[in-house]
Amino acid sequence: MCARADFLGAYFRIHEAGLDPATEPGPWEYLAGRCQEAGRKEIAHRIRWLLWETGNRTDDVTLGESRFALENGRSRLAAYFIEEVFGDEPDDPEARVLLASAYAVEYPQRAYDLVRDQAADDPDLAVLAIDILRGDDQLKIALEATKAAIEAFPDEQRLRVRLARVLESLGEWHRALEQWQWIAGAYPDAVSMSLMNQVRLYLRLDQRDQAISAAAAHTLLGAPLGERIAVAFEIEQDWLIPILLDQAARRPAAGEVTAREWSQIARNLIDQGRIGLAEWLARKDMPIGHEARAVLEAVEFSAAETAAIDADPYSAASVISPNCLLPLSRLLGPDWIPPSGKEFDPQRDQIMLVNSTLAAGGAERQLVATARALLRQGLTPERLHVALYSVAADRGHAHFLQEMQSLGVQIHTLATRTPRLSALPEHLSHVFSALPTPLRQDAVALWLKVREVGPQILHGWQDRAALACGIVGYLQSVHQVVLSVRNMNPATRDYRAGQYGAHLMSALSQLANMTVTANSDPGARDYESWLGLGRGAVKVVRNGLDVPEFALSAPWAQTGRNGSRVLRIGGVFRLSANKRPRLWMETVAALRAASAYEIRPVLIGSGPFLEEILAAKTELGLDDLSVESGLDRPEDIYSRFDVMLLMSRVEGTPNVLIEAQACGIPVAACDVGGAGLLLHPEIGAHEAASRIESWLPGALAADPAERRAFVQGAFSIEALGERTLRLYTRAESDWTEY
């Protein structure tokens, strides 16, 4: 019967024969093994469980159950099986691997200790050790471990893939791209995977033409449907996805897409927010799997959404999550109680500030400034909580962590890698599963932390955290929720967030316990237009600066060769696509060629475009360009130049422009968002250089003290604290806009 794959028949035959698994385990173990080999894992699990319960805890039964538990996300149960039979230091190699895998999420150091010593002799253990380090964000150690493993096992493809992924996580995108290109040349079976990753990295590096070329090469490979959909999603060719699905669904008998692949495709569509397409597949009776069906059954589609899904995949593609979950009142449980409406008590109530990271960015610097400002307003550190989705130092997420810790506030790390949906109320678990990632992960992790801490004020920082705070703050009836946006609306920066963010943010902004804020008047007006809100709906809370920390620069009076006046032009920004570092360099080069001043450029920052900048120095005639990173103290940064130049594509209110002016330094920037200085957004290098040259005499002759006084009046940390507290107490009757 097993030879004919009649496993259920075999199960009942053994049962009817009266063979008790407690006393006659042999036939049961044989059947479990054959089911496992045939991919009938659920039947194999049920048989092994019978054997386990009756005391027949053999090695095969134990290993099989531990493996099954891991595959279903039950790491603690997987560890229990191994420890019960093999102990906590198994000699059996497979048991050791399974136990390390079970420990990896919650106890990464214990997991690593289990496999570290043997990793040098076994490629499987080497790969596992590297994955444990990656999962624990020990990326620099993972990089060295990967290099050592490649030396020991030079032909092991998995190690090369790990090397590419570790380099990418470390922000070394050019090196990661080179590694994927090497993999494509060395391993014919990895070309498709390599091209998919090349597409993603080219887009991160703002090299869209190369991304499209890699996507075209991927298409010509005849890659599996799921991969073709993933690439279309990456390059924002969403119109192609329903076409691909429609073609595949019309010829299921051809067997081009297996049941397992359909299941993964459906899950990926849900993860991407394409829930209408996943539902269309379900209604076409595609084998989308139990997990996807459970999520879809929890969503109540409106009549219009149902009609779109029933029409065709092209209409179904318009039904996306979280829009289909709005209004949020549809998510409320029977025990939900509206916010109390009580006034915020600065002497007793808890405040939670939420952000993605504490990376070296302007928004993160302002998060620290806000915490400091609130403490100066009389709040005590034990009532001020800061929740962060990552503080991984190797990923660059902990730049301001030490400064935040020095304030004595309560810091929480929100685990997002394994969202515990099972810990949510039953009516929310499947509905949260319908949210796109990472919004789902963010909301689940924050929901659990808010339930634990119980803050009366929940303050989400930047769009990502603001959306999660809005959902959680409403569902948990937090007294006051502040959605603090720090830039222009996401549609100008993030295609995906722009698609669903407007509907969700607009719905949140209209709830009684929500307030949306921006840090500049242009930013506030931009969000109001994007969300369809009236003027004044988005409140303005300017950035805050502790001006006394910034020393006034010495008067500009440097003389260079032949009596010419030396002008040090500086840039302080992350070396990423939005900051347009290449345009900054081209502008400085054009200015050097035409200026009456002796131009000496200084660039302070780090990021994925560093290699490109260093490579372009000679090409642009900027061999003397000084590029530095790791500087934190204001005097170490702003004492290095006389004029600051910023060429960003999009900005909110850049801290570096405020800080430079606090030091008396004149600043030039593109008129984007809250920056709004001198240069139009799409200006070219030569035009920018011409305008800067005309502007320089007056800017350099102006009194530096006037710039400092302007910053003190408009951006003081005291004003930041007072205005933020007014938000929390909802003292908005006399709120004025700048």
# chains A, B, ... in the order shown; residues from 1 in each chain; ligands from 1
$ residues_around --residues "range 104-110 of chain A" --least-positions-apart "5" --cutoff "8 Å" --atoms "only C-alpha atoms" --output "list of chain:residue names"
A:Ile132, A:Leu133, A:Gly135, A:Asp136, A:Thr418
$ closest_atom_pairs --of "range 484-591 of chain A" --to "range 635-645 of chain A" --cutoff "12 Å" --atoms "only C-alpha atoms" --output "CSV"
residue,atom,partner,partner_atom,distance
A:Pro548,CA,A:Glu635,CA,11.8
A:Glu549,CA,A:Glu635,CA,8.9
A:Phe550,CA,A:Glu635,CA,7.0
A:Ala551,CA,A:Glu635,CA,6.9
A:Leu552,CA,A:Ser639,CA,9.2
A:Ser553,CA,A:Ser639,CA,6.6
A:Ala554,CA,A:Ser639,CA,8.5
A:Pro555,CA,A:Asp642,CA,8.9
A:Trp556,CA,A:Asp642,CA,6.7
A:Ala557,CA,A:Asp642,CA,9.6
A:Gln558,CA,A:Asp642,CA,9.6
A:Arg565,CA,A:Asp642,CA,11.5
A:Val566,CA,A:Asp642,CA,9.2
A:Leu567,CA,A:Asp642,CA,6.3
A:Arg568,CA,A:Phe641,CA,4.6
A:Ile569,CA,A:Val643,CA,5.0
A:Gly570,CA,A:Met644,CA,4.8
A:Gly571,CA,A:Leu645,CA,5.5
A:Val572,CA,A:Met644,CA,7.9
A:Phe573,CA,A:Leu645,CA,9.9
A:Lys579,CA,A:Leu645,CA,10.9
A:Arg580,CA,A:Leu645,CA,11.5
A:Pro581,CA,A:Leu645,CA,10.7
A:Leu583,CA,A:Leu645,CA,10.9
A:Trp584,CA,A:Leu645,CA,7.6
A:Met585,CA,A:Leu645,CA,10.2
A:Thr587,CA,A:Leu645,CA,9.4
A:Val588,CA,A:Leu645,CA,9.0
A:Leu591,CA,A:Leu645,CA,11.7
$ residues_around --residues "Ile141 in chain A" --least-positions-apart "5" --cutoff "10 Å" --atoms "only C-alpha atoms" --output "list in words"
Ile130, Leu133, Arg134, Thr146, Val166 and Asp394 of chain A
$ select_by_dssp --residues "range 419-554 of chain A" --states "strand (DSSP E)" --output "VMD selection string"
chain A and resid 457 to 461 480 to 484 514 to 518 538 to 540
$ write_last_selection --atoms "C-alpha atoms" --output "CSV table (one decimal), in the first residue's frame"
chain,number,residue,atom,x,y,z
A,457,ILE,CA,0.9,58.6,25.2
A,458,LEU,CA,2.1,56.7,22.2
A,459,HIS,CA,4.3,58.8,19.9
A,460,GLY,CA,5.2,57.2,16.5
A,461,TRP,CA,8.3,58.6,14.9
A,480,GLN,CA,-3.3,60.1,23.0
A,481,VAL,CA,-1.4,58.9,19.8
A,482,VAL,CA,0.9,61.3,18.0
A,483,LEU,CA,1.9,60.3,14.4
A,484,SER,CA,5.1,62.3,13.8
A,514,MET,CA,-4.8,60.8,17.0
A,515,THR,CA,-2.8,63.9,16.1
A,516,VAL,CA,-0.5,64.1,13.0
A,517,THR,CA,2.6,66.4,13.2
A,518,ALA,CA,5.3,67.5,10.8
A,538,VAL,CA,-1.3,68.5,10.5
A,539,LYS,CA,0.4,70.3,13.4
A,540,VAL,CA,3.9,71.8,13.1
$ atom_distance --atom1 "CA of Leu331 in chain A" --atom2 "CA of Ala298 in chain A"
10.2 Å
$ select_by_dssp --residues "range 344-436 of chain A" --states "helix (DSSP H, G or I)" --output "JSON list (two decimals) with all heavy atoms, in the first residue's frame"
[["chain", "number", "residue", "atom", "x", "y", "z"],
["A", 362, "GLY", "N", 18.87, 62.36, 10.78],
["A", 362, "GLY", "CA", 18.30, 63.55, 11.39],
["A", 362, "GLY", "C", 17.10, 63.25, 12.26],
["A", 362, "GLY", "O", 16.94, 63.82, 13.35],
["A", 363, "ALA", "N", 16.22, 62.36, 11.80],
["A", 363, "ALA", "CA", 15.04, 62.02, 12.60],
["A", 363, "ALA", "C", 15.44, 61.35, 13.90],
["A", 363, "ALA", "O", 14.85, 61.62, 14.97],
["A", 363, "ALA", "CB", 14.11, 61.10, 11.80],
["A", 364, "GLU", "N", 16.44, 60.49, 13.84],
["A", 364, "GLU", "CA", 16.90, 59.81, 15.04],
["A", 364, "GLU", "C", 17.54, 60.80, 16.02],
["A", 364, "GLU", "O", 17.34, 60.70, 17.24],
["A", 364, "GLU", "CB", 17.91, 58.72, 14.66],
["A", 364, "GLU", "CG", 17.31, 57.54, 13.91],
["A", 364, "GLU", "CD", 17.04, 57.81, 12.44],
["A", 364, "GLU", "OE1", 17.47, 58.88, 11.94],
["A", 364, "GLU", "OE2", 16.40, 56.97, 11.79],
["A", 365, "ARG", "N", 18.27, 61.76, 15.49],
["A", 365, "ARG", "CA", 18.85, 62.80, 16.35],
["A", 365, "ARG", "C", 17.73, 63.58, 17.04],
["A", 365, "ARG", "O", 17.83, 63.94, 18.22],
["A", 365, "ARG", "CB", 19.72, 63.74, 15.52],
["A", 365, "ARG", "CG", 20.45, 64.79, 16.37],
["A", 365, "ARG", "CD", 21.16, 65.80, 15.49],
["A", 365, "ARG", "NE", 22.25, 65.22, 14.73],
["A", 365, "ARG", "CZ", 23.49, 65.05, 15.21],
["A", 365, "ARG", "NH1", 23.76, 65.42, 16.45],
["A", 365, "ARG", "NH2", 24.43, 64.53, 14.46],
["A", 366, "GLN", "N", 16.66, 63.86, 16.30],
["A", 366, "GLN", "CA", 15.55, 64.60, 16.90],
["A", 366, "GLN", "C", 14.76, 63.77, 17.91],
["A", 366, "GLN", "O", 14.17, 64.31, 18.84],
["A", 366, "GLN", "CB", 14.62, 65.11, 15.80],
["A", 366, "GLN", "CG", 15.14, 66.35, 15.10],
["A", 366, "GLN", "CD", 15.40, 67.48, 16.08],
["A", 366, "GLN", "OE1", 14.52, 67.91, 16.83],
["A", 366, "GLN", "NE2", 16.63, 67.97, 16.10],
["A", 367, "LEU", "N", 14.75, 62.46, 17.74],
["A", 367, "LEU", "CA", 14.13, 61.61, 18.75],
["A", 367, "LEU", "C", 14.86, 61.76, 20.08],
["A", 367, "LEU", "O", 14.23, 61.89, 21.14],
["A", 367, "LEU", "CB", 14.17, 60.15, 18.28],
["A", 367, "LEU", "CG", 13.58, 59.11, 19.23],
["A", 367, "LEU", "CD1", 12.11, 59.37, 19.47],
["A", 367, "LEU", "CD2", 13.77, 57.71, 18.67],
["A", 368, "VAL", "N", 16.19, 61.76, 20.04],
["A", 368, "VAL", "CA", 16.98, 61.97, 21.25],
["A", 368, "VAL", "C", 16.72, 63.37, 21.80],
["A", 368, "VAL", "O", 16.54, 63.56, 23.01],
["A", 368, "VAL", "CB", 18.48, 61.78, 20.97],
["A", 368, "VAL", "CG1", 19.30, 62.06, 22.22],
["A", 368, "VAL", "CG2", 18.75, 60.37, 20.47],
["A", 369, "ALA", "N", 16.66, 64.37, 20.90],
["A", 369, "ALA", "CA", 16.42, 65.74, 21.34],
["A", 369, "ALA", "C", 15.05, 65.87, 22.01],
["A", 369, "ALA", "O", 14.90, 66.58, 23.02],
["A", 369, "ALA", "CB", 16.51, 66.69, 20.15],
["A", 370, "THR", "N", 14.04, 65.18, 21.49],
["A", 370, "THR", "CA", 12.71, 65.23, 22.09],
["A", 370, "THR", "C", 12.70, 64.60, 23.47],
["A", 370, "THR", "O", 12.07, 65.13, 24.40],
["A", 370, "THR", "CB", 11.69, 64.53, 21.16],
["A", 370, "THR", "OG1", 11.64, 65.23, 19.92],
["A", 370, "THR", "CG2", 10.30, 64.52, 21.78],
["A", 371, "ALA", "N", 13.38, 63.46, 23.61],
["A", 371, "ALA", "CA", 13.47, 62.83, 24.94],
["A", 371, "ALA", "C", 14.14, 63.78, 25.93],
["A", 371, "ALA", "O", 13.66, 63.97, 27.06],
["A", 371, "ALA", "CB", 14.24, 61.52, 24.84],
["A", 372, "ARG", "N", 15.22, 64.42, 25.50],
["A", 372, "ARG", "CA", 15.92, 65.36, 26.38],
["A", 372, "ARG", "C", 15.02, 66.56, 26.70],
["A", 372, "ARG", "O", 14.96, 67.03, 27.84],
["A", 372, "ARG", "CB", 17.21, 65.83, 25.72],
["A", 372, "ARG", "CG", 18.02, 66.80, 26.58],
["A", 372, "ARG", "CD", 19.28, 67.27, 25.90],
["A", 372, "ARG", "NE", 20.26, 66.18, 25.81],
["A", 372, "ARG", "CZ", 20.65, 65.61, 24.68],
["A", 372, "ARG", "NH1", 20.12, 66.00, 23.54],
["A", 372, "ARG", "NH2", 21.54, 64.64, 24.68],
["A", 373, "ALA", "N", 14.31, 67.05, 25.69],
["A", 373, "ALA", "CA", 13.44, 68.21, 25.89],
["A", 373, "ALA", "C", 12.31, 67.90, 26.88],
["A", 373, "ALA", "O", 11.95, 68.73, 27.71],
["A", 373, "ALA", "CB", 12.86, 68.66, 24.55],
["A", 374, "LEU", "N", 11.74, 66.70, 26.79],
["A", 374, "LEU", "CA", 10.67, 66.31, 27.71],
["A", 374, "LEU", "C", 11.19, 66.20, 29.14],
["A", 374, "LEU", "O", 10.50, 66.58, 30.09],
["A", 374, "LEU", "CB", 10.04, 64.99, 27.26],
["A", 374, "LEU", "CG", 9.19, 65.08, 25.97],
["A", 374, "LEU", "CD1", 8.80, 63.68, 25.50],
["A", 374, "LEU", "CD2", 7.95, 65.93, 26.20],
["A", 375, "LEU", "N", 12.39, 65.68, 29.29],
["A", 375, "LEU", "CA", 12.98, 65.58, 30.63],
["A", 375, "LEU", "C", 13.20, 66.98, 31.21],
["A", 375, "LEU", "O", 13.01, 67.20, 32.41],
["A", 375, "LEU", "CB", 14.29, 64.80, 30.58],
["A", 375, "LEU", "CG", 14.18, 63.32, 30.20],
["A", 375, "LEU", "CD1", 15.55, 62.69, 30.07],
["A", 375, "LEU", "CD2", 13.34, 62.55, 31.23],
["A", 376, "ARG", "N", 13.59, 67.93, 30.38],
["A", 376, "ARG", "CA", 13.79, 69.30, 30.85],
["A", 376, "ARG", "C", 12.48, 69.97, 31.23],
["A", 376, "ARG", "O", 12.46, 70.95, 31.97],
["A", 376, "ARG", "CB", 14.52, 70.13, 29.79],
["A", 376, "ARG", "CG", 15.97, 69.71, 29.59],
["A", 376, "ARG", "CD", 16.70, 70.69, 28.71],
["A", 376, "ARG", "NE", 18.05, 70.23, 28.43],
["A", 376, "ARG", "CZ", 18.93, 70.90, 27.69],
["A", 376, "ARG", "NH1", 18.59, 72.07, 27.17],
["A", 376, "ARG", "NH2", 20.14, 70.41, 27.47],
["A", 381, "PRO", "N", 12.71, 60.21, 34.11],
["A", 381, "PRO", "CA", 13.16, 59.20, 33.14],
["A", 381, "PRO", "C", 12.40, 57.88, 33.22],
["A", 381, "PRO", "O", 12.20, 57.24, 32.18],
["A", 381, "PRO", "CB", 14.64, 59.01, 33.50],
["A", 381, "PRO", "CG", 15.04, 60.27, 34.18],
["A", 381, "PRO", "CD", 13.82, 60.73, 34.92],
["A", 382, "GLU", "N", 11.98, 57.47, 34.41],
["A", 382, "GLU", "CA", 11.33, 56.16, 34.51],
["A", 382, "GLU", "C", 9.95, 56.14, 33.85],
["A", 382, "GLU", "O", 9.38, 55.07, 33.62],
["A", 382, "GLU", "CB", 11.21, 55.73, 35.98],
["A", 382, "GLU", "CG", 10.32, 56.61, 36.84],
["A", 382, "GLU", "CD", 11.07, 57.76, 37.48],
["A", 382, "GLU", "OE1", 12.23, 58.01, 37.08],
["A", 382, "GLU", "OE2", 10.50, 58.40, 38.39],
["A", 383, "ARG", "N", 9.39, 57.30, 33.52],
["A", 383, "ARG", "CA", 8.08, 57.33, 32.86],
["A", 383, "ARG", "C", 8.18, 57.60, 31.36],
["A", 383, "ARG", "O", 7.18, 57.70, 30.68],
["A", 383, "ARG", "CB", 7.19, 58.39, 33.52],
["A", 383, "ARG", "CG", 6.79, 58.02, 34.93],
["A", 383, "ARG", "CD", 5.77, 58.96, 35.53],
["A", 383, "ARG", "NE", 6.27, 60.32, 35.65],
["A", 383, "ARG", "CZ", 5.94, 61.33, 34.84],
["A", 383, "ARG", "NH1", 5.11, 61.11, 33.84],
["A", 383, "ARG", "NH2", 6.42, 62.53, 35.00],
["A", 393, "ALA", "N", 24.07, 47.22, 16.17],
["A", 393, "ALA", "CA", 25.21, 48.10, 15.90],
["A", 393, "ALA", "C", 25.82, 47.81, 14.53],
["A", 393, "ALA", "O", 26.20, 48.73, 13.80],
["A", 393, "ALA", "CB", 26.26, 47.94, 17.00],
["A", 394, "ASP", "N", 25.93, 46.52, 14.15],
["A", 394, "ASP", "CA", 26.56, 46.17, 12.88],
["A", 394, "ASP", "C", 25.75, 46.64, 11.68],
["A", 394, "ASP", "O", 26.28, 46.80, 10.58],
["A", 394, "ASP", "CB", 26.77, 44.65, 12.79],
["A", 394, "ASP", "CG", 27.90, 44.18, 13.69],
["A", 394, "ASP", "OD1", 28.56, 45.04, 14.32],
["A", 394, "ASP", "OD2", 28.13, 42.96, 13.77],
["A", 395, "ARG", "N", 24.47, 46.87, 11.88],
["A", 395, "ARG", "CA", 23.63, 47.40, 10.80],
["A", 395, "ARG", "C", 23.61, 48.93, 10.80],
["A", 395, "ARG", "O", 22.92, 49.55, 9.99],
["A", 395, "ARG", "CB", 22.20, 46.87, 10.93],
["A", 395, "ARG", "CG", 22.06, 45.38, 10.69],
["A", 395, "ARG", "CD", 20.61, 44.94, 10.81],
["A", 395, "ARG", "NE", 20.46, 43.51, 10.65],
["A", 395, "ARG", "CZ", 20.26, 42.89, 9.49],
["A", 395, "ARG", "NH1", 20.19, 43.60, 8.37],
["A", 395, "ARG", "NH2", 20.15, 41.58, 9.44],
["A", 401, "LEU", "N", 22.43, 55.35, 20.37],
["A", 401, "LEU", "CA", 21.97, 54.54, 21.50],
["A", 401, "LEU", "C", 22.62, 54.98, 22.81],
["A", 401, "LEU", "O", 21.94, 55.12, 23.84],
["A", 401, "LEU", "CB", 22.25, 53.06, 21.23],
["A", 401, "LEU", "CG", 21.82, 52.10, 22.34],
["A", 401, "LEU", "CD1", 20.33, 52.20, 22.60],
["A", 401, "LEU", "CD2", 22.20, 50.66, 21.98],
["A", 402, "GLN", "N", 23.92, 55.17, 22.80],
["A", 402, "GLN", "CA", 24.61, 55.55, 24.04],
["A", 402, "GLN", "C", 24.10, 56.89, 24.56],
["A", 402, "GLN", "O", 23.90, 57.08, 25.77],
["A", 402, "GLN", "CB", 26.12, 55.61, 23.81],
["A", 402, "GLN", "CG", 26.92, 55.84, 25.08],
["A", 402, "GLN", "CD", 28.43, 55.73, 24.84],
["A", 402, "GLN", "OE1", 28.87, 55.41, 23.74],
["A", 402, "GLN", "NE2", 29.21, 55.98, 25.86],
["A", 403, "GLU", "N", 23.86, 57.82, 23.65],
["A", 403, "GLU", "CA", 23.35, 59.13, 24.06],
["A", 403, "GLU", "C", 21.95, 58.99, 24.67],
["A", 403, "GLU", "O", 21.63, 59.64, 25.67],
["A", 403, "GLU", "CB", 23.32, 60.07, 22.87],
["A", 403, "GLU", "CG", 22.99, 61.50, 23.21],
["A", 403, "GLU", "CD", 23.11, 62.44, 22.02],
["A", 403, "GLU", "OE1", 23.68, 62.04, 20.99],
["A", 403, "GLU", "OE2", 22.62, 63.58, 22.13],
["A", 404, "MET", "N", 21.12, 58.14, 24.06],
["A", 404, "MET", "CA", 19.79, 57.93, 24.61],
["A", 404, "MET", "C", 19.88, 57.24, 25.97],
["A", 404, "MET", "O", 19.14, 57.60, 26.91],
["A", 404, "MET", "CB", 18.95, 57.09, 23.64],
["A", 404, "MET", "CG", 17.50, 56.90, 24.07],
["A", 404, "MET", "SD", 16.51, 58.40, 23.97],
["A", 404, "MET", "CE", 16.04, 58.38, 22.24],
["A", 405, "GLN", "N", 20.74, 56.26, 26.10],
["A", 405, "GLN", "CA", 20.90, 55.57, 27.38],
["A", 405, "GLN", "C", 21.36, 56.53, 28.48],
["A", 405, "GLN", "O", 20.96, 56.39, 29.64],
["A", 405, "GLN", "CB", 21.91, 54.43, 27.23],
["A", 405, "GLN", "CG", 21.40, 53.26, 26.42],
["A", 405, "GLN", "CD", 22.49, 52.24, 26.10],
["A", 405, "GLN", "OE1", 23.67, 52.59, 25.99],
["A", 405, "GLN", "NE2", 22.11, 50.98, 25.94],
["A", 406, "SER", "N", 22.17, 57.51, 28.12],
["A", 406, "SER", "CA", 22.68, 58.45, 29.12],
["A", 406, "SER", "C", 21.57, 59.30, 29.73],
["A", 406, "SER", "O", 21.74, 59.88, 30.81],
["A", 406, "SER", "CB", 23.73, 59.37, 28.49],
["A", 406, "SER", "OG", 23.13, 60.28, 27.58],
["A", 421, "LEU", "N", 2.01, 36.07, 16.49],
["A", 421, "LEU", "CA", 0.60, 36.29, 16.23],
["A", 421, "LEU", "C", -0.28, 35.52, 17.20],
["A", 421, "LEU", "O", -1.38, 35.96, 17.54],
["A", 421, "LEU", "CB", 0.28, 35.88, 14.79],
["A", 421, "LEU", "CG", 0.79, 36.84, 13.70],
["A", 421, "LEU", "CD1", 0.82, 36.13, 12.36],
["A", 421, "LEU", "CD2", -0.09, 38.07, 13.63],
["A", 422, "SER", "N", 0.22, 34.38, 17.67],
["A", 422, "SER", "CA", -0.58, 33.56, 18.59],
["A", 422, "SER", "C", -0.81, 34.26, 19.91],
["A", 422, "SER", "O", -1.73, 33.89, 20.65],
["A", 422, "SER", "CB", 0.12, 32.22, 18.83],
["A", 422, "SER", "OG", 1.42, 32.43, 19.39],
["A", 423, "ALA", "N", 0.01, 35.28, 20.24],
["A", 423, "ALA", "CA", -0.15, 35.98, 21.50],
["A", 423, "ALA", "C", -1.23, 37.07, 21.43],
["A", 423, "ALA", "O", -1.60, 37.64, 22.46],
["A", 423, "ALA", "CB", 1.18, 36.61, 21.93],
["A", 426, "GLU", "N", -7.75, 36.38, 19.70],
["A", 426, "GLU", "CA", -8.09, 35.51, 18.56],
["A", 426, "GLU", "C", -8.66, 36.29, 17.39],
["A", 426, "GLU", "O", -8.35, 36.01, 16.23],
["A", 426, "GLU", "CB", -9.10, 34.45, 19.01],
["A", 426, "GLU", "CG", -9.41, 33.42, 17.93],
["A", 426, "GLU", "CD", -10.32, 32.32, 18.44],
["A", 426, "GLU", "OE1", -10.60, 32.30, 19.67],
["A", 426, "GLU", "OE2", -10.76, 31.50, 17.62],
["A", 427, "HIS", "N", -9.47, 37.34, 17.66],
["A", 427, "HIS", "CA", -10.10, 38.07, 16.57],
["A", 427, "HIS", "C", -9.10, 38.92, 15.78],
["A", 427, "HIS", "O", -9.42, 39.41, 14.70],
["A", 427, "HIS", "CB", -11.23, 38.97, 17.10],
["A", 427, "HIS", "CG", -10.76, 40.17, 17.87],
["A", 427, "HIS", "ND1", -10.35, 40.09, 19.17],
["A", 427, "HIS", "CD2", -10.61, 41.46, 17.49],
["A", 427, "HIS", "CE1", -9.97, 41.30, 19.59],
["A", 427, "HIS", "NE2", -10.12, 42.14, 18.60],
["A", 428, "LEU", "N", -7.89, 39.09, 16.32],
["A", 428, "LEU", "CA", -6.89, 39.91, 15.65],
["A", 428, "LEU", "C", -5.81, 39.11, 14.93],
["A", 428, "LEU", "O", -5.19, 39.62, 13.99],
["A", 428, "LEU", "CB", -6.19, 40.84, 16.66],
["A", 428, "LEU", "CG", -6.97, 42.05, 17.15],
["A", 428, "LEU", "CD1", -6.11, 42.85, 18.11],
["A", 428, "LEU", "CD2", -7.41, 42.94, 15.98],
["A", 429, "SER", "N", -5.56, 37.89, 15.35],
["A", 429, "SER", "CA", -4.38, 37.17, 14.86],
["A", 429, "SER", "C", -4.41, 36.99, 13.35],
["A", 429, "SER", "O", -3.43, 37.30, 12.66],
["A", 429, "SER", "CB", -4.26, 35.81, 15.56],
["A", 429, "SER", "OG", -5.41, 35.02, 15.33],
["A", 430, "HIS", "N", -5.52, 36.51, 12.79],
["A", 430, "HIS", "CA", -5.58, 36.31, 11.35],
["A", 430, "HIS", "C", -5.70, 37.63, 10.60],
["A", 430, "HIS", "O", -5.17, 37.78, 9.49],
["A", 430, "HIS", "CB", -6.74, 35.39, 10.97],
["A", 430, "HIS", "CG", -6.47, 33.94, 11.23],
["A", 430, "HIS", "ND1", -5.32, 33.32, 10.82],
["A", 430, "HIS", "CD2", -7.20, 33.00, 11.87],
["A", 430, "HIS", "CE1", -5.35, 32.04, 11.19],
["A", 430, "HIS", "NE2", -6.48, 31.83, 11.83],
["A", 431, "VAL", "N", -6.39, 38.61, 11.19],
["A", 431, "VAL", "CA", -6.52, 39.90, 10.53],
["A", 431, "VAL", "C", -5.17, 40.59, 10.44],
["A", 431, "VAL", "O", -4.81, 41.17, 9.41],
["A", 431, "VAL", "CB", -7.54, 40.78, 11.26],
["A", 431, "VAL", "CG1", -7.60, 42.16, 10.63],
["A", 431, "VAL", "CG2", -8.92, 40.14, 11.23],
["A", 432, "PHE", "N", -4.37, 40.52, 11.51],
["A", 432, "PHE", "CA", -3.02, 41.07, 11.46],
["A", 432, "PHE", "C", -2.19, 40.35, 10.40],
["A", 432, "PHE", "O", -1.31, 40.95, 9.78],
["A", 432, "PHE", "CB", -2.34, 40.97, 12.83],
["A", 432, "PHE", "CG", -2.52, 42.20, 13.68],
["A", 432, "PHE", "CD1", -3.76, 42.79, 13.84],
["A", 432, "PHE", "CD2", -1.45, 42.77, 14.35],
["A", 432, "PHE", "CE1", -3.94, 43.92, 14.62],
["A", 432, "PHE", "CE2", -1.60, 43.90, 15.13],
["A", 432, "PHE", "CZ", -2.86, 44.48, 15.27],
["A", 433, "SER", "N", -2.48, 39.06, 10.19],
["A", 433, "SER", "CA", -1.76, 38.32, 9.15],
["A", 433, "SER", "C", -2.03, 38.87, 7.76],
["A", 433, "SER", "O", -1.26, 38.64, 6.83],
["A", 433, "SER", "CB", -2.17, 36.84, 9.18],
["A", 433, "SER", "OG", -1.74, 36.23, 10.36]]
$ closest_residue --among "A:Ile337, A:Ile717, A:Val257, A:Ala223" --to "Tyr474 in chain A" --atoms "only C-alpha atoms"
A:Ile337
$ residues_around --residues "Arg440 in chain A" --least-positions-apart "4" --cutoff "12 Å" --atoms "only C-alpha atoms" --output "ChimeraX atom specification"
/A:270-273,321-322,416-421,428-436,444-447,464-465,467-469,471-472
$ atom_distance --atom1 "CA of Arg726 in chain A" --atom2 "CA of Gly523 in chain A"
20.0 Å
$ closest_residue --among "A:Leu657, A:Ala119, A:Leu125, A:Val650" --to "Pro681 in chain A" --atoms "only C-alpha atoms"
A:Val650
$ residues_around --residues "range 612-622 of chain A" --least-positions-apart "4" --cutoff "9 Å" --atoms "only C-alpha atoms" --output "NGL selection string"
:A and (174 or 575 or 581-582 or 585-586 or 588-590 or 600-601 or 608 or 627)
$ write_last_selection --atoms "C-alpha atoms" --output "CSV table (one decimal), in the first residue's frame"
chain,number,residue,atom,x,y,z
A,174,HIS,CA,28.5,47.3,-4.2
A,575,LEU,CA,26.0,58.6,1.3
A,581,PRO,CA,26.3,62.6,-3.6
A,582,ARG,CA,27.3,62.4,-7.2
A,585,MET,CA,30.6,66.3,-6.2
A,586,GLU,CA,29.7,67.5,-9.7
A,588,VAL,CA,31.7,71.3,-6.3
A,589,ALA,CA,33.8,70.5,-9.3
A,590,ALA,CA,31.9,73.0,-11.5
A,600,ARG,CA,38.6,72.9,-0.9
A,601,PRO,CA,35.9,70.3,-0.5
A,608,PRO,CA,26.4,52.5,0.4
A,627,VAL,CA,35.8,62.0,3.0
